[in-house]
$ cat coords_27.cif   # mmCIF, C-alpha atoms
data_data
#
loop_
_atom_site.group_PDB
_atom_site.id
_atom_site.type_symbol
_atom_site.label_atom_id
_atom_site.label_comp_id
_atom_site.auth_asym_id
_atom_site.auth_seq_id
_atom_site.Cartn_x
_atom_site.Cartn_y
_atom_site.Cartn_z
ATOM 1 C CA MET R 105 6.819 15.237 4.975
ATOM 2 C CA ARG R 106 6.608 11.734 3.561
ATOM 3 C CA ILE R 107 8.488 11.134 0.328
ATOM 4 C CA LEU R 108 8.173 7.837 -1.514
ATOM 5 C CA PHE R 109 11.122 6.992 -3.749
ATOM 6 C CA ILE R 110 10.797 4.105 -6.180
ATOM 7 C CA GLY R 111 13.960 2.712 -7.786
ATOM 8 C CA ASP R 112 14.233 1.631 -11.414
ATOM 9 C CA VAL R 113 10.831 0.924 -12.929
ATOM 10 C CA VAL R 114 11.685 -1.626 -15.615
ATOM 11 C CA GLY R 115 9.535 -2.054 -18.715
ATOM 12 C CA ARG R 116 5.859 -2.930 -18.921
ATOM 13 C CA PRO R 117 5.906 -5.211 -15.818
ATOM 14 C CA GLY R 118 7.365 -2.382 -13.726
ATOM 15 C CA ARG R 119 4.803 0.093 -15.009
ATOM 16 C CA LYS R 120 2.001 -2.382 -14.312
ATOM 17 C CA ALA R 121 3.248 -2.816 -10.739
ATOM 18 C CA LEU R 122 3.367 0.968 -10.402
ATOM 19 C CA ARG R 123 -0.209 1.303 -11.694
ATOM 20 C CA VAL R 124 -1.524 -1.409 -9.372
ATOM 21 C CA LEU R 125 0.470 -0.648 -6.216
ATOM 22 C CA LEU R 126 1.206 3.085 -6.150
ATOM 23 C CA PRO R 127 -2.281 4.374 -5.242
ATOM 24 C CA GLY R 128 -2.474 2.038 -2.235
ATOM 25 C CA LEU R 129 1.050 2.875 -1.097
ATOM 26 C CA LYS R 130 0.341 6.592 -1.312
ATOM 27 C CA ASP R 131 -2.870 6.173 0.702
ATOM 28 C CA SER R 132 -1.455 3.743 3.284
ATOM 29 C CA TYR R 133 1.603 5.849 4.032
ATOM 30 C CA ASP R 134 0.047 9.283 3.491
ATOM 31 C CA VAL R 135 2.686 10.122 0.880
ATOM 32 C CA ASP R 136 3.186 13.826 0.150
ATOM 33 C CA PHE R 137 5.525 13.427 -2.825
ATOM 34 C CA CYS R 138 6.507 10.538 -5.104
ATOM 35 C CA ILE R 139 9.740 10.186 -7.080
ATOM 36 C CA ALA R 140 10.496 7.237 -9.365
ATOM 37 C CA ASN R 141 13.489 6.352 -11.511
ATOM 38 C CA GLY R 142 12.182 5.927 -15.047
ATOM 39 C CA GLU R 143 15.347 5.412 -17.085
ATOM 40 C CA ASN R 144 14.453 1.781 -17.894
ATOM 41 C CA ALA R 145 10.675 2.170 -18.115
ATOM 42 C CA ALA R 146 10.361 1.829 -21.911
ATOM 43 C CA GLY R 147 11.043 -1.766 -22.862
ATOM 44 C CA GLY R 148 13.721 -2.144 -20.200
ATOM 45 C CA LYS R 149 15.977 0.667 -21.446
ATOM 46 C CA GLY R 150 15.297 4.349 -21.896
ATOM 47 C CA ILE R 151 12.068 6.315 -21.702
ATOM 48 C CA THR R 152 9.578 7.878 -24.092
ATOM 49 C CA GLU R 153 7.086 10.691 -23.674
ATOM 50 C CA LYS R 154 4.188 8.221 -23.708
ATOM 51 C CA VAL R 155 5.749 6.087 -20.964
ATOM 52 C CA ALA R 156 6.664 9.108 -18.815
ATOM 53 C CA GLU R 157 3.161 10.564 -19.082
ATOM 54 C CA GLU R 158 1.721 7.148 -18.208
ATOM 55 C CA MET R 159 3.825 7.085 -15.028
ATOM 56 C CA PHE R 160 2.777 10.624 -14.116
ATOM 57 C CA SER R 161 -0.867 9.588 -14.536
ATOM 58 C CA TYR R 162 -0.344 6.873 -11.890
ATOM 59 C CA GLY R 163 0.721 9.470 -9.316
ATOM 60 C CA VAL R 164 4.469 9.916 -9.789
ATOM 61 C CA ASP R 165 5.386 13.575 -9.247
ATOM 62 C CA VAL R 166 8.934 13.534 -10.653
ATOM 63 C CA LEU R 167 10.930 11.029 -12.691
ATOM 64 C CA THR R 168 14.679 10.674 -12.258
ATOM 65 C CA SER R 169 17.099 8.758 -14.435
ATOM 66 C CA GLY R 170 20.665 7.706 -15.121
ATOM 67 C CA ASN R 171 22.880 6.579 -17.965
ATOM 68 C CA HIS R 172 20.090 4.779 -19.869
ATOM 69 C CA ILE R 173 17.952 7.911 -20.213
ATOM 70 C CA TRP R 174 19.308 8.429 -23.742
ATOM 71 C CA ASP R 175 18.776 4.839 -24.965
ATOM 72 C CA ARG R 176 15.481 5.480 -26.780
ATOM 73 C CA LYS R 177 16.026 7.720 -29.787
ATOM 74 C CA GLU R 178 12.335 8.638 -29.839
ATOM 75 C CA GLY R 179 12.551 9.831 -26.223
ATOM 76 C CA ILE R 180 15.523 12.192 -26.520
ATOM 77 C CA SER R 181 13.540 15.300 -27.506
ATOM 78 C CA TYR R 182 11.161 14.663 -24.604
ATOM 79 C CA VAL R 183 14.061 14.346 -22.135
ATOM 80 C CA GLN R 184 15.408 17.638 -23.438
ATOM 81 C CA SER R 185 12.127 19.503 -22.917
ATOM 82 C CA ALA R 186 10.256 17.787 -20.060
ATOM 83 C CA SER R 187 9.752 19.719 -16.838
ATOM 84 C CA ARG R 188 9.235 16.748 -14.481
ATOM 85 C CA LEU R 189 11.741 14.300 -15.962
ATOM 86 C CA LEU R 190 15.275 14.793 -14.691
ATOM 87 C CA ARG R 191 18.473 13.662 -16.352
ATOM 88 C CA PRO R 192 21.664 13.530 -14.250
ATOM 89 C CA ALA R 193 22.661 17.093 -13.323
ATOM 90 C CA ASN R 194 26.342 16.306 -13.789
ATOM 91 C CA TYR R 195 25.917 15.724 -17.535
ATOM 92 C CA PRO R 196 27.166 18.582 -19.746
ATOM 93 C CA PRO R 197 24.573 21.380 -20.010
ATOM 94 C CA ASP R 198 24.470 21.189 -23.812
ATOM 95 C CA VAL R 199 22.774 17.757 -23.725
ATOM 96 C CA GLY R 200 19.552 19.537 -22.817
ATOM 97 C CA GLY R 201 17.008 18.674 -20.208
ATOM 98 C CA ILE R 202 17.191 19.505 -16.530
ATOM 99 C CA GLY R 203 19.036 17.773 -13.724
ATOM 100 C CA TYR R 204 17.289 19.305 -10.745
ATOM 101 C CA GLY R 205 14.354 21.443 -9.797
ATOM 102 C CA ALA R 206 11.799 22.521 -7.216
ATOM 103 C CA PHE R 207 8.469 20.726 -7.344
ATOM 104 C CA PRO R 208 5.279 21.232 -5.296
ATOM 105 C CA SER R 209 4.267 18.488 -2.891
ATOM 106 C CA ARG R 210 0.679 17.559 -2.101
ATOM 107 C CA SER R 211 0.764 19.986 0.840
ATOM 108 C CA GLY R 212 2.236 22.792 -1.274
ATOM 109 C CA VAL R 213 5.746 22.643 0.201
ATOM 110 C CA LEU R 214 8.402 22.786 -2.502
ATOM 111 C CA VAL R 215 10.668 19.741 -2.742
ATOM 112 C CA GLY R 216 14.109 20.175 -4.268
ATOM 113 C CA VAL R 217 15.033 17.096 -6.292
ATOM 114 C CA ILE R 218 18.553 16.574 -7.630
ATOM 115 C CA ASN R 219 19.475 13.743 -9.999
ATOM 116 C CA LEU R 220 23.169 12.766 -10.110
ATOM 117 C CA GLN R 221 25.130 9.969 -11.753
ATOM 118 C CA GLY R 222 28.228 8.272 -10.403
ATOM 119 C CA ARG R 223 31.441 7.867 -12.382
ATOM 120 C CA THR R 224 32.751 4.449 -11.356
ATOM 121 C CA PHE R 225 31.882 1.840 -14.040
ATOM 122 C CA MET R 226 29.708 4.485 -15.756
ATOM 123 C CA PRO R 227 30.059 6.801 -18.779
ATOM 124 C CA ALA R 228 32.180 9.892 -18.086
ATOM 125 C CA THR R 229 30.380 12.802 -16.429
ATOM 126 C CA ASP R 230 31.300 15.843 -14.381
ATOM 127 C CA CYS R 231 32.089 15.262 -10.705
ATOM 128 C CA PRO R 232 28.825 14.415 -8.916
ATOM 129 C CA PHE R 233 30.194 15.675 -5.587
ATOM 130 C CA ARG R 234 31.067 19.144 -6.897
ATOM 131 C CA THR R 235 27.808 19.268 -8.850
ATOM 132 C CA ALA R 236 25.796 18.392 -5.729
ATOM 133 C CA LEU R 237 27.573 21.066 -3.694
ATOM 134 C CA ARG R 238 27.045 23.743 -6.362
ATOM 135 C CA ILE R 239 23.322 22.977 -6.665
ATOM 136 C CA LEU R 240 22.755 22.723 -2.910
ATOM 137 C CA GLU R 241 24.421 26.117 -2.388
ATOM 138 C CA GLU R 242 21.808 27.740 -4.647
ATOM 139 C CA MET R 243 18.837 25.593 -3.566
ATOM 140 C CA ASP R 244 17.184 27.428 -0.681
ATOM 141 C CA LEU R 245 14.389 24.968 0.064
ATOM 142 C CA PRO R 246 13.287 23.256 3.278
ATOM 143 C CA VAL R 247 13.149 19.801 1.654
ATOM 144 C CA LYS R 248 15.928 18.445 -0.583
ATOM 145 C CA PHE R 249 16.178 14.972 -2.099
ATOM 146 C CA VAL R 250 19.034 13.448 -4.103
ATOM 147 C CA ASP R 251 18.750 10.439 -6.403
ATOM 148 C CA PHE R 252 22.335 9.272 -6.935
ATOM 149 C CA HIS R 253 22.375 6.758 -9.778
ATOM 150 C CA ALA R 254 25.637 4.818 -9.429
ATOM 151 C CA GLU R 255 27.080 1.327 -9.825
ATOM 152 C CA ALA R 256 29.772 1.169 -7.135
ATOM 153 C CA THR R 257 28.633 0.727 -3.552
ATOM 154 C CA SER R 258 31.724 2.601 -2.357
ATOM 155 C CA GLU R 259 30.777 5.640 -4.430
ATOM 156 C CA LYS R 260 27.212 5.517 -3.103
ATOM 157 C CA VAL R 261 28.439 5.344 0.499
ATOM 158 C CA ALA R 262 30.865 8.225 -0.120
ATOM 159 C CA MET R 263 28.036 10.348 -1.521
ATOM 160 C CA GLY R 264 25.890 9.508 1.483
ATOM 161 C CA TRP R 265 28.590 10.708 3.860
ATOM 162 C CA PHE R 266 29.227 13.775 1.707
ATOM 163 C CA LEU R 267 25.546 14.772 1.723
ATOM 164 C CA ASP R 268 24.992 14.008 5.418
ATOM 165 C CA GLY R 269 23.511 17.126 7.013
ATOM 166 C CA LYS R 270 23.091 18.866 3.652
ATOM 167 C CA VAL R 271 19.862 17.178 2.526
#
$ encode --input "coords_27.cif" --output "structure tokens"
Amino acid sequence: MRILFIGDVVGRPGRKALRVLLPGLKDSYDVDFCIANGENAAGGKGITEKVAEEMFSYGVDVLTSGNHIWDRKEGISYVQSASRLLRPANYPPDVGGIGYGAFPSRSGVLVGVINLQGRTFMPATDCPFRTALRILEEMDLPVKFVDFHAEATSEKVAMGWFLDGKV
């Protein structure tokens, strides 16, 4: 399976690049599933329903996020109800929205996608390592993908080692 992951799509220029380049990338590399981080897609910070739906129309299957997902007041209700827009799974459950899920690929195989946020130099969240382990224990899928949104390289490397062999 070929999964294309696109990091932070920032504002209108990022969305334009996505619109222009994504179809060719998906064709050239025979992409089965596309994930993009959309937390900065609306004016450089946050996301709105209109922007998310625009990105889905370009061929993105799932949007992930991070700490800026809440920065657009008009997008909060969408984040809390959207089925293909993930907020970090290690946020408290009462914030609404979903942090992980199973999504069909082009070939019909379900892809488990988990969105986590680091804690170093970031707003306080639950432990991303424990959260990842808990979700992976219940996620019985052949394909699992983790978007770990973090600032510190050391934390990213630690998560990579932690997830080695699990995803």
$ resolve_selection --input "coords_27.cif" --expression "the PyMOL selection byres ((chain R and resi 129) around 12)" --output "list in words"
Arg106, Ile107, Leu108, Phe109, Ile110, Ala121, Leu122, Arg123, Val124, Leu125, Leu126, Pro127, Gly128, Lys130, Asp131, Ser132, Tyr133, Asp134, Val135, Asp136, Phe137, Cys138, Tyr162, Gly163 and Val164 of chain R
$ atom_distance --input "coords_27.cif" --atom1 "atom CA of R:Asp198" --atom2 "atom CA of R:Trp174"
13.8 Å
$ atom_distance --input "coords_27.cif" --atom1 "atom CA of R:Glu153" --atom2 "atom CA of R:Asp165"
14.8 Å
$ resolve_selection --input "coords_27.cif" --expression "the PyMOL selection byres ((chain R and resi 189) around 6)" --output "list in words"
Leu167, Thr168, Ala186, Ser187, Arg188 and Leu190 of chain R
$ closest_residue --input "coords_27.cif" --among "R:Val215, R:Phe233, R:Lys120, R:Ile151" --to "R:Val247" --atoms "all atoms listed in the file"
R:Val215
$ residues_around --input "coords_27.cif" --residues "R:Arg116" --least-positions-apart "3" --cutoff "10 Å" --atoms "all atoms listed in the file" --output "list in words"
Val113, Arg119, Lys120, Ala121, Leu122, Asn144, Ala145, Ala146, Gly147, Gly148 and Val155 of chain R
$ resolve_selection --input "coords_27.cif" --expression "the PyMOL selection byres ((chain R and resi 183) around 12)" --output "number ranges by chain"
R: 142-143, 150-157, 167-170, 172-182, 184-192, 199-203
$ write_last_selection --input "coords_27.cif" --atoms "C-alpha atoms" --output "short mmCIF file (atom, residue, chain, number, x, y, z; two decimals), in the coordinates of the input"
data_model
loop_
_atom_site.label_atom_id
_atom_site.label_comp_id
_atom_site.auth_asym_id
_atom_site.auth_seq_id
_atom_site.Cartn_x
_atom_site.Cartn_y
_atom_site.Cartn_z
CA GLY R 142 12.18 5.93 -15.05
CA GLU R 143 15.35 5.41 -17.08
CA GLY R 150 15.30 4.35 -21.90
CA ILE R 151 12.07 6.32 -21.70
CA THR R 152 9.58 7.88 -24.09
CA GLU R 153 7.09 10.69 -23.67
CA LYS R 154 4.19 8.22 -23.71
CA VAL R 155 5.75 6.09 -20.96
CA ALA R 156 6.66 9.11 -18.82
CA GLU R 157 3.16 10.56 -19.08
CA LEU R 167 10.93 11.03 -12.69
CA THR R 168 14.68 10.67 -12.26
CA SER R 169 17.10 8.76 -14.44
CA GLY R 170 20.66 7.71 -15.12
CA HIS R 172 20.09 4.78 -19.87
CA ILE R 173 17.95 7.91 -20.21
CA TRP R 174 19.31 8.43 -23.74
CA ASP R 175 18.78 4.84 -24.96
CA ARG R 176 15.48 5.48 -26.78
CA LYS R 177 16.03 7.72 -29.79
CA GLU R 178 12.34 8.64 -29.84
CA GLY R 179 12.55 9.83 -26.22
CA ILE R 180 15.52 12.19 -26.52
CA SER R 181 13.54 15.30 -27.51
CA TYR R 182 11.16 14.66 -24.60
CA GLN R 184 15.41 17.64 -23.44
CA SER R 185 12.13 19.50 -22.92
CA ALA R 186 10.26 17.79 -20.06
CA SER R 187 9.75 19.72 -16.84
CA ARG R 188 9.24 16.75 -14.48
CA LEU R 189 11.74 14.30 -15.96
CA LEU R 190 15.28 14.79 -14.69
CA ARG R 191 18.47 13.66 -16.35
CA PRO R 192 21.66 13.53 -14.25
CA VAL R 199 22.77 17.76 -23.72
CA GLY R 200 19.55 19.54 -22.82
CA GLY R 201 17.01 18.67 -20.21
CA ILE R 202 17.19 19.50 -16.53
CA GLY R 203 19.04 17.77 -13.72
#
$ closest_residue --input "coords_27.cif" --among "R:Val250, R:Leu240, R:Leu214, R:Leu245" --to "R:Asn141" --atoms "all atoms listed in the file"
R:Val250
$ closest_residue --input "coords_27.cif" --among "R:Gly111, R:Gly222, R:Pro196, R:Gly269" --to "R:Phe252" --atoms "only C-alpha atoms"
R:Gly222
$ residues_near_point --input "coords_27.cif" --point "(26.2, 13.0, -2.8)" --cutoff "9 Å" --atoms "all atoms listed in the file" --output "number ranges by chain"
R: 220, 232-237, 250-252, 259-268
